[in-house]
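A.B. asks: I am sharing coords-v1.json, which consists of JSON, C-alpha atoms:
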```json
[["chain", "number", "residue", "atom", "x", "y", "z"],
["A", 1, "MET", "CA", 145.54, 319.28, 201.30],
["A", 2, "LEU", "CA", 144.63, 320.79, 197.93],
["A", 3, "ALA", "CA", 146.16, 323.97, 196.57],
["A", 4, "GLU", "CA", 144.05, 326.49, 194.67],
["A", 5, "SER", "CA", 145.13, 324.87, 191.41],
["A", 6, "GLY", "CA", 143.81, 321.51, 192.55],
["A", 7, "VAL", "CA", 147.28, 320.00, 193.09],
["A", 8, "TRP", "CA", 147.85, 317.64, 196.00],
["A", 9, "LEU", "CA", 150.53, 319.17, 198.20],
["A", 10, "GLY", "CA", 150.66, 316.52, 200.90],
["A", 11, "PRO", "CA", 153.70, 314.23, 201.29],
["A", 12, "ARG", "CA", 152.07, 311.02, 200.12],
["A", 13, "ARG", "CA", 152.72, 309.92, 196.53],
["A", 14, "ARG", "CA", 150.64, 307.44, 194.59],
["A", 15, "ALA", "CA", 152.10, 304.06, 193.80],
["A", 16, "PRO", "CA", 153.16, 303.75, 190.13],
["A", 17, "LEU", "CA", 150.11, 301.78, 188.97],
["A", 18, "ASP", "CA", 147.66, 304.21, 190.59],
["A", 19, "ALA", "CA", 149.53, 307.15, 189.10],
["A", 20, "ALA", "CA", 149.37, 305.64, 185.63],
["A", 21, "ARG", "CA", 145.60, 305.34, 185.93],
["A", 22, "ALA", "CA", 145.13, 308.82, 187.33],
["A", 23, "GLY", "CA", 147.85, 310.73, 185.46],
["A", 24, "ALA", "CA", 145.52, 312.09, 182.80],
["A", 25, "GLN", "CA", 143.27, 313.56, 185.48],
["A", 26, "ASP", "CA", 145.62, 315.28, 187.93],
["A", 27, "GLY", "CA", 149.09, 315.43, 186.38],
["A", 28, "ILE", "CA", 150.90, 313.34, 189.01],
["A", 29, "MET", "CA", 154.22, 311.95, 187.80],
["A", 30, "VAL", "CA", 154.25, 308.38, 186.49],
["A", 31, "ARG", "CA", 157.41, 306.30, 186.57],
["A", 32, "ASN", "CA", 158.30, 302.89, 185.26],
["A", 33, "SER", "CA", 161.34, 300.71, 184.89],
["A", 34, "ASN", "CA", 162.54, 302.57, 181.80],
["A", 35, "SER", "CA", 163.46, 305.53, 183.97],
["A", 36, "GLY", "CA", 165.63, 303.54, 186.32],
["A", 37, "SER", "CA", 162.99, 303.30, 189.08],
["A", 38, "ARG", "CA", 161.84, 300.07, 190.61],
["A", 39, "GLU", "CA", 158.70, 298.86, 192.30],
["A", 40, "PRO", "CA", 158.65, 299.48, 196.08],
["A", 41, "GLU", "CA", 160.39, 296.83, 198.12],
["A", 42, "GLU", "CA", 158.26, 294.61, 200.28],
["A", 43, "GLY", "CA", 157.22, 296.43, 203.44],
["A", 44, "ALA", "CA", 158.08, 299.87, 202.04],
["A", 45, "PRO", "CA", 155.41, 302.60, 202.09],
["A", 46, "ALA", "CA", 153.31, 303.00, 198.95],
["A", 47, "GLY", "CA", 155.05, 305.18, 196.40],
["A", 48, "THR", "CA", 158.55, 304.58, 197.83],
["A", 49, "PRO", "CA", 160.91, 303.42, 195.06],
["A", 50, "GLY", "CA", 163.24, 300.52, 195.78],
["A", 51, "LYS", "CA", 167.00, 301.03, 195.64],
["A", 52, "GLN", "CA", 168.84, 300.19, 192.44],
["A", 53, "SER", "CA", 171.57, 297.62, 192.63],
["A", 54, "ARG", "CA", 175.05, 298.49, 191.36],
["A", 55, "ARG", "CA", 174.42, 296.35, 188.29],
["A", 56, "GLU", "CA", 171.18, 298.20, 187.53],
["A", 57, "ARG", "CA", 172.85, 301.58, 187.96],
["A", 58, "ARG", "CA", 175.60, 300.57, 185.54],
["A", 59, "ARG", "CA", 173.05, 299.36, 183.03],
["A", 60, "ASP", "CA", 171.13, 302.63, 183.31],
["A", 61, "GLU", "CA", 174.35, 304.62, 182.85],
["A", 62, "GLU", "CA", 175.24, 302.63, 179.75],
["A", 63, "ARG", "CA", 171.77, 303.11, 178.28],
["A", 64, "THR", "CA", 172.15, 306.84, 178.87],
["A", 65, "ARG", "CA", 175.53, 306.81, 177.11],
["A", 66, "ILE", "CA", 173.91, 305.04, 174.16],
["A", 67, "LEU", "CA", 171.21, 307.71, 174.03],
["A", 68, "ARG", "CA", 173.88, 310.39, 173.72],
["A", 69, "ALA", "CA", 175.38, 308.51, 170.80],
["A", 70, "ALA", "CA", 171.95, 308.07, 169.23],
["A", 71, "GLU", "CA", 171.37, 311.82, 169.60],
["A", 72, "ARG", "CA", 174.47, 312.56, 167.53],
["A", 73, "VAL", "CA", 173.35, 310.14, 164.82],
["A", 74, "TYR", "CA", 169.79, 311.55, 164.81],
["A", 75, "ARG", "CA", 171.10, 315.08, 164.34],
["A", 76, "LYS", "CA", 173.28, 314.02, 161.40],
["A", 77, "ARG", "CA", 170.88, 311.65, 159.63],
["A", 78, "GLY", "CA", 167.44, 312.13, 161.14],
["A", 79, "TYR", "CA", 165.59, 309.53, 163.18],
["A", 80, "ALA", "CA", 164.01, 307.74, 160.20],
["A", 81, "ALA", "CA", 167.33, 307.28, 158.37],
["A", 82, "ALA", "CA", 169.35, 306.32, 161.44],
["A", 83, "GLY", "CA", 170.09, 302.61, 161.85],
["A", 84, "MET", "CA", 170.99, 300.54, 164.87],
["A", 85, "ARG", "CA", 174.38, 299.68, 163.32],
["A", 86, "GLU", "CA", 175.24, 303.39, 162.99],
["A", 87, "ILE", "CA", 174.19, 304.01, 166.58],
["A", 88, "ALA", "CA", 176.32, 301.07, 167.72],
["A", 89, "GLU", "CA", 179.35, 302.45, 165.87],
["A", 90, "GLU", "CA", 178.81, 305.92, 167.36],
["A", 91, "ALA", "CA", 178.57, 304.37, 170.84],
["A", 92, "ASP", "CA", 181.69, 302.26, 170.20],
["A", 93, "LEU", "CA", 179.70, 299.04, 170.66],
["A", 94, "SER", "CA", 179.17, 295.98, 168.52],
["A", 95, "PRO", "CA", 175.62, 295.61, 167.18],
["A", 96, "ALA", "CA", 175.21, 292.57, 169.46],
["A", 97, "ASN", "CA", 176.14, 294.62, 172.51],
["A", 98, "LEU", "CA", 173.75, 297.39, 171.52],
["A", 99, "TYR", "CA", 170.88, 294.91, 171.25],
["A", 100, "HIS", "CA", 171.71, 293.78, 174.77],
["A", 101, "TYR", "CA", 170.57, 297.22, 175.97],
["A", 102, "PHE", "CA", 167.92, 298.07, 173.40],
["A", 103, "GLY", "CA", 166.09, 295.41, 171.41],
["A", 104, "SER", "CA", 165.10, 297.80, 168.62],
["A", 105, "LYS", "CA", 165.26, 301.40, 167.47],
["A", 106, "GLU", "CA", 161.70, 301.79, 168.68],
["A", 107, "GLU", "CA", 162.63, 300.66, 172.18],
["A", 108, "LEU", "CA", 165.43, 303.22, 172.22],
["A", 109, "LEU", "CA", 162.98, 305.91, 171.07],
["A", 110, "PHE", "CA", 160.52, 304.96, 173.81],
["A", 111, "PHE", "CA", 163.25, 305.09, 176.47],
["A", 112, "CYS", "CA", 164.30, 308.53, 175.24],
["A", 113, "GLN", "CA", 160.80, 310.02, 175.35],
["A", 114, "ASP", "CA", 159.80, 308.30, 178.57],
["A", 115, "ARG", "CA", 162.94, 309.52, 180.34],
["A", 116, "ALA", "CA", 162.46, 313.12, 179.21],
["A", 117, "LEU", "CA", 158.80, 313.16, 180.24],
["A", 118, "ASP", "CA", 159.68, 311.92, 183.72],
["A", 119, "ARG", "CA", 162.09, 314.83, 184.13],
["A", 120, "LEU", "CA", 159.55, 317.35, 182.83],
["A", 121, "LEU", "CA", 156.85, 316.02, 185.15],
["A", 122, "GLU", "CA", 159.20, 316.26, 188.12],
["A", 123, "ALA", "CA", 159.91, 319.91, 187.28],
["A", 124, "LEU", "CA", 156.22, 320.64, 186.74],
["A", 125, "GLU", "CA", 155.22, 319.00, 189.99],
["A", 126, "ALA", "CA", 157.75, 321.12, 191.87],
["A", 127, "VAL", "CA", 156.50, 324.47, 190.52],
["A", 128, "ARG", "CA", 152.85, 323.56, 190.99],
["A", 129, "ALA", "CA", 153.52, 322.76, 194.64],
["A", 130, "ALA", "CA", 155.53, 325.97, 195.15],
["A", 131, "ARG", "CA", 154.26, 329.32, 196.40],
["A", 132, "GLY", "CA", 154.64, 332.67, 194.72],
["A", 133, "PRO", "CA", 153.38, 334.46, 191.59],
["A", 134, "VAL", "CA", 152.27, 332.12, 188.84],
["A", 135, "ASP", "CA", 154.31, 333.90, 186.17],
["A", 136, "GLU", "CA", 157.49, 333.35, 188.17],
["A", 137, "ARG", "CA", 156.63, 329.68, 188.64],
["A", 138, "LEU", "CA", 155.94, 329.30, 184.92],
["A", 139, "ARG", "CA", 159.23, 331.02, 184.11],
["A", 140, "ALA", "CA", 161.13, 328.68, 186.42],
["A", 141, "PHE", "CA", 159.45, 325.67, 184.83],
["A", 142, "ALA", "CA", 160.13, 326.95, 181.32],
["A", 143, "VAL", "CA", 163.85, 327.28, 182.04],
["A", 144, "GLU", "CA", 164.00, 323.74, 183.42],
["A", 145, "HIS", "CA", 161.92, 322.47, 180.48],
["A", 146, "VAL", "CA", 164.23, 323.91, 177.83],
["A", 147, "LEU", "CA", 167.35, 322.82, 179.69],
["A", 148, "CYS", "CA", 165.96, 319.30, 179.96],
["A", 149, "LEU", "CA", 165.56, 319.05, 176.20],
["A", 150, "ILE", "CA", 168.73, 320.77, 175.01],
["A", 151, "ASP", "CA", 171.20, 320.15, 177.82],
["A", 152, "GLU", "CA", 170.09, 317.12, 179.85],
["A", 153, "ALA", "CA", 167.73, 314.75, 178.05],
["A", 154, "GLU", "CA", 169.77, 312.59, 175.72],
["A", 155, "GLY", "CA", 168.29, 311.89, 172.30],
["A", 156, "SER", "CA", 166.30, 315.13, 172.22],
["A", 157, "ALA", "CA", 166.26, 315.10, 168.40],
["A", 158, "ALA", "CA", 163.85, 312.14, 168.66],
["A", 159, "HIS", "CA", 161.26, 313.94, 170.81],
["A", 160, "PHE", "CA", 159.24, 314.84, 167.72],
["A", 161, "GLU", "CA", 158.99, 311.19, 166.60],
["A", 162, "PHE", "CA", 155.99, 310.31, 168.76],
["A", 163, "SER", "CA", 154.10, 308.82, 165.80],
["A", 164, "ALA", "CA", 156.97, 306.38, 165.13],
["A", 165, "LEU", "CA", 156.06, 304.40, 168.25],
["A", 166, "SER", "CA", 153.73, 301.42, 168.14],
["A", 167, "PRO", "CA", 150.16, 302.05, 169.37],
["A", 168, "GLU", "CA", 150.92, 300.25, 172.64],
["A", 169, "LEU", "CA", 154.02, 302.30, 173.42],
["A", 170, "ARG", "CA", 152.33, 305.49, 172.20],
["A", 171, "ALA", "CA", 149.52, 304.88, 174.68],
["A", 172, "ARG", "CA", 152.02, 304.59, 177.55],
["A", 173, "ILE", "CA", 153.77, 307.80, 176.55],
["A", 174, "ASP", "CA", 150.45, 309.55, 176.01],
["A", 175, "VAL", "CA", 149.50, 309.07, 179.68],
["A", 176, "LYS", "CA", 152.48, 311.20, 180.65],
["A", 177, "ARG", "CA", 152.00, 313.67, 177.81],
["A", 178, "THR", "CA", 148.42, 314.20, 178.98],
["A", 179, "ALA", "CA", 149.57, 314.69, 182.58],
["A", 180, "TYR", "CA", 152.17, 317.21, 181.34],
["A", 181, "LYS", "CA", 149.64, 319.21, 179.30],
["A", 182, "GLU", "CA", 146.99, 319.19, 182.00],
["A", 183, "GLY", "CA", 149.51, 320.28, 184.62],
["A", 184, "ILE", "CA", 150.57, 323.32, 182.57],
["A", 185, "ARG", "CA", 146.96, 324.16, 181.70],
["A", 186, "ALA", "CA", 145.94, 324.04, 185.38],
["A", 187, "LEU", "CA", 148.77, 326.37, 186.38],
["A", 188, "ILE", "CA", 147.87, 328.86, 183.63],
["A", 189, "ALA", "CA", 144.20, 328.70, 184.63],
["A", 190, "LEU", "CA", 145.21, 329.48, 188.23],
["A", 191, "GLY", "CA", 147.15, 332.53, 187.08],
["A", 192, "ILE", "CA", 144.16, 333.76, 185.07],
["A", 193, "ARG", "CA", 141.81, 333.37, 188.04],
["A", 194, "ARG", "CA", 144.20, 335.32, 190.25],
["A", 195, "GLY", "CA", 144.57, 338.08, 187.67],
["A", 196, "GLU", "CA", 148.30, 337.40, 187.40],
["A", 197, "LEU", "CA", 148.04, 336.30, 183.75],
["A", 198, "ARG", "CA", 146.07, 337.85, 180.92],
["A", 199, "ARG", "CA", 142.53, 336.62, 180.30],
["A", 200, "CYS", "CA", 142.69, 333.93, 177.62],
["A", 201, "ASP", "CA", 141.71, 330.35, 176.86],
["A", 202, "PRO", "CA", 144.03, 328.31, 179.12],
["A", 203, "THR", "CA", 144.09, 325.36, 176.72],
["A", 204, "LEU", "CA", 145.19, 327.49, 173.77],
["A", 205, "ALA", "CA", 147.66, 329.31, 176.00],
["A", 206, "MET", "CA", 149.09, 325.97, 177.18],
["A", 207, "ARG", "CA", 149.61, 324.84, 173.59],
["A", 208, "GLY", "CA", 151.40, 328.04, 172.61],
["A", 209, "PHE", "CA", 153.52, 328.10, 175.76],
["A", 210, "ALA", "CA", 154.55, 324.44, 175.58],
["A", 211, "GLY", "CA", 155.07, 324.58, 171.83],
["A", 212, "ALA", "CA", 157.61, 327.40, 172.14],
["A", 213, "LEU", "CA", 159.58, 325.40, 174.70],
["A", 214, "ILE", "CA", 159.48, 322.09, 172.86],
["A", 215, "TRP", "CA", 160.41, 323.56, 169.47],
["A", 216, "THR", "CA", 163.69, 324.87, 170.89],
["A", 217, "SER", "CA", 165.15, 321.36, 170.77],
["A", 218, "HIS", "CA", 164.43, 321.27, 167.02],
["A", 219, "TRP", "CA", 166.62, 324.23, 166.08],
["A", 220, "TYR", "CA", 169.13, 324.47, 168.92],
["A", 221, "ARG", "CA", 172.77, 323.63, 168.19],
["A", 222, "PRO", "CA", 175.23, 323.31, 171.08],
["A", 223, "ASP", "CA", 178.07, 324.90, 169.05],
["A", 224, "GLY", "CA", 176.22, 328.22, 168.78],
["A", 225, "PRO", "CA", 177.23, 331.43, 170.62],
["A", 226, "TYR", "CA", 174.69, 331.08, 173.44],
["A", 227, "THR", "CA", 175.02, 328.61, 176.28],
["A", 228, "ALA", "CA", 172.13, 326.23, 176.91],
["A", 229, "ARG", "CA", 171.14, 328.20, 180.01],
["A", 230, "GLU", "CA", 171.18, 331.53, 178.15],
["A", 231, "VAL", "CA", 168.90, 330.05, 175.50],
["A", 232, "ALA", "CA", 166.61, 328.54, 178.15],
["A", 233, "GLU", "CA", 166.30, 331.80, 180.09],
["A", 234, "GLN", "CA", 165.53, 333.89, 177.01],
["A", 235, "ILE", "CA", 163.00, 331.44, 175.57],
["A", 236, "ALA", "CA", 161.34, 331.21, 179.00],
["A", 237, "GLU", "CA", 161.11, 335.00, 179.14],
["A", 238, "TYR", "CA", 159.47, 335.21, 175.72],
["A", 239, "ALA", "CA", 157.02, 332.39, 176.47],
["A", 240, "VAL", "CA", 155.87, 333.89, 179.77],
["A", 241, "ALA", "CA", 155.69, 337.43, 178.36],
["A", 242, "GLY", "CA", 152.91, 336.30, 176.03],
["A", 243, "LEU", "CA", 150.86, 335.20, 179.05],
["A", 244, "THR", "CA", 151.42, 338.30, 181.19],
["A", 245, "ALA", "CA", 150.89, 341.09, 178.62],
["A", 246, "GLY", "CA", 147.92, 343.16, 179.75],
["A", 247, "ALA", "CA", 147.66, 341.60, 183.22],
["A", 248, "SER", "CA", 147.09, 344.05, 186.07],
["A", 249, "ARG", "CA", 150.23, 345.37, 187.78],
["A", 250, "ALA", "CA", 148.29, 345.53, 191.06],
["A", 251, "THR", "CA", 147.60, 341.80, 191.05],
["A", 252, "ARG", "CA", 150.97, 340.79, 189.64],
["A", 253, "GLY", "CA", 152.97, 342.79, 192.15],
["A", 254, "PRO", "CA", 155.56, 345.58, 191.83],
["A", 255, "GLY", "CA", 158.27, 345.17, 189.26],
["A", 256, "HIS", "CA", 156.52, 342.43, 187.31],
["A", 257, "ASP", "CA", 155.85, 344.67, 184.32],
["A", 258, "GLU", "CA", 159.49, 345.69, 183.99],
["A", 259, "PRO", "CA", 161.12, 343.93, 181.04],
["A", 260, "ARG", "CA", 163.94, 341.56, 181.89],
["A", 261, "PRO", "CA", 167.23, 342.16, 180.06],
["A", 262, "ALA", "CA", 168.34, 339.64, 177.49],
["A", 263, "SER", "CA", 171.79, 338.06, 177.67],
["A", 264, "PRO", "CA", 173.88, 340.13, 175.23],
["A", 265, "ALA", "CA", 177.46, 339.36, 174.37],
["A", 266, "ALA", "CA", 180.04, 340.82, 176.74],
["A", 267, "ASP", "CA", 181.12, 343.37, 174.12],
["A", 268, "GLY", "CA", 177.53, 344.29, 173.21],
["A", 269, "ALA", "CA", 177.77, 342.79, 169.73],
["A", 270, "ALA", "CA", 174.78, 340.95, 168.34],
["A", 271, "ARG", "CA", 175.08, 337.17, 168.21],
["A", 272, "THR", "CA", 173.58, 334.68, 165.78],
["A", 273, "PRO", "CA", 171.13, 332.31, 167.50],
["A", 274, "ASN", "CA", 172.12, 328.68, 167.99],
["A", 275, "GLY", "CA", 169.99, 327.54, 165.06],
["A", 276, "PRO", "CA", 171.24, 325.92, 161.85],
["A", 277, "ALA", "CA", 170.90, 329.03, 159.66],
["A", 278, "ARG", "CA", 174.17, 330.96, 159.53],
["A", 279, "SER", "CA", 174.99, 334.00, 157.40]]
```
Before we go any further, please render this structure as structure tokens.

C.D. replies:
Amino acid sequence: MLAESGVWLGPRRRAPLDAARAGAQDGIMVRNSNSGSREPEEGAPAGTPGKQSRRERRRDEERTRILRAAERVYRKRGYAAAGMREIAEEADLSPANLYHYFGSKEELLFFCQDRALDRLLEALEAVRAARGPVDERLRAFAVEHVLCLIDEAEGSAAHFEFSALSPELRARIDVKRTAYKEGIRALIALGIRRGELRRCDPTLAMRGFAGALIWTSHWYRPDGPYTAREVAEQIAEYAVAGLTAGASRATRGPGHDEPRPASPAADGAARTPNGPARS
């Protein structure tokens, strides 16, 4: 069954290879071994991931721990200046042990970006399959998107280093990036057709909307006065507000044109954002 946005809402999922070939066309999530998923076991239905062994789960957990250490190094030194030895020290590993999990800094970067994109595509797939006003679905996705990058996805400081990957690895990431962009564009286009979003070019709107969400991971600092969720909710509100300004109240439903309150401090005092600039 196809929804109005052209998204398949039936229970069947494509097998990983089919999804990789079709991802750029319909935005279906693509997974591979970097994300901890395995090929379906023999006799399992198409698209059903096999179970991870205890050893594989431990390896995936350790790789995630290394990504957290790499994130701290990236924020201090930048991706280009960070070395594998520094990452190993931050992760409390010997360089030899680090290379057991990641053969190079580029492999670590690929794992970081691939893992984050899988999470974003899962969140996008969920809101595209949901019912309800498009602006509310976009807001829910935006919150999950920002939280993924600043509170969940380890190594988020490396998400802007797409060009540092080799052409082969860039091509693999680009399949998912294309699926991500097309999925957001299709949802925005649906909202425009329904009159729930302002009339605009859905491709330009997608770029502005996604750009606001992605850039948050560039300036956000976890030691700031706002929690990750407070930042995510406010950024989501701003991003969606740009798409709904001027849309008809009749088509958007009652209450949709009422501004949502920000998250002020308990005492009403203004707070400095979580960015690096402090006065």

A.B. asks: Taking all atoms listed in the file into account, which of A:Ala70, A:Ala189, A:Val143, A:Cys112 comes nearest Ala205 (chain A)?

C.D. replies: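 For Ala205 (chain A), the nearest of the given residues is A:Ala189.
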
A.B. asks: Suppose you want the space between CA of Leu98 (chain A) and CA of Ile66 (chain A); what is it in Å?

C.D. replies: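 Going from CA of Leu98 (chain A) over to CA of Ile66 (chain A) covers 8.1 Å.
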
A.B. asks: Distance CA of Val231 (chain A)-CA of Ala140 (chain A), one decimal place?

C.D. replies: 13.5 Å

A.B. asks: Around all the atoms of region 161-168 of chain A listed in the file, with 3 Å of room on each side, what axis-aligned box do you get, giving centre and edge lengths in Å to one decimal, as lines of an AutoDock Vina configuration file?

C.D. replies:
```
center_x = 154.6
center_y = 305.7
center_z = 168.9
size_x = 14.8
size_y = 16.9
size_z = 13.5
```

A.B. asks: Calculate how many Å separate CA of Leu67 (chain A) from CA of Asp92 (chain A), rounding to one decimal.

C.D. replies: 12.4 Å

A.B. asks: May I have the protein, DNA and RNA residues with an atom at most 12 Å from (169.1, 311.5, 165.4), counting only C-alpha atoms in the file's coordinates, returned as a ChimeraX atom specification?

C.D. replies: /A:66-84,86-87,90,105,108-109,112,154-161,217-218
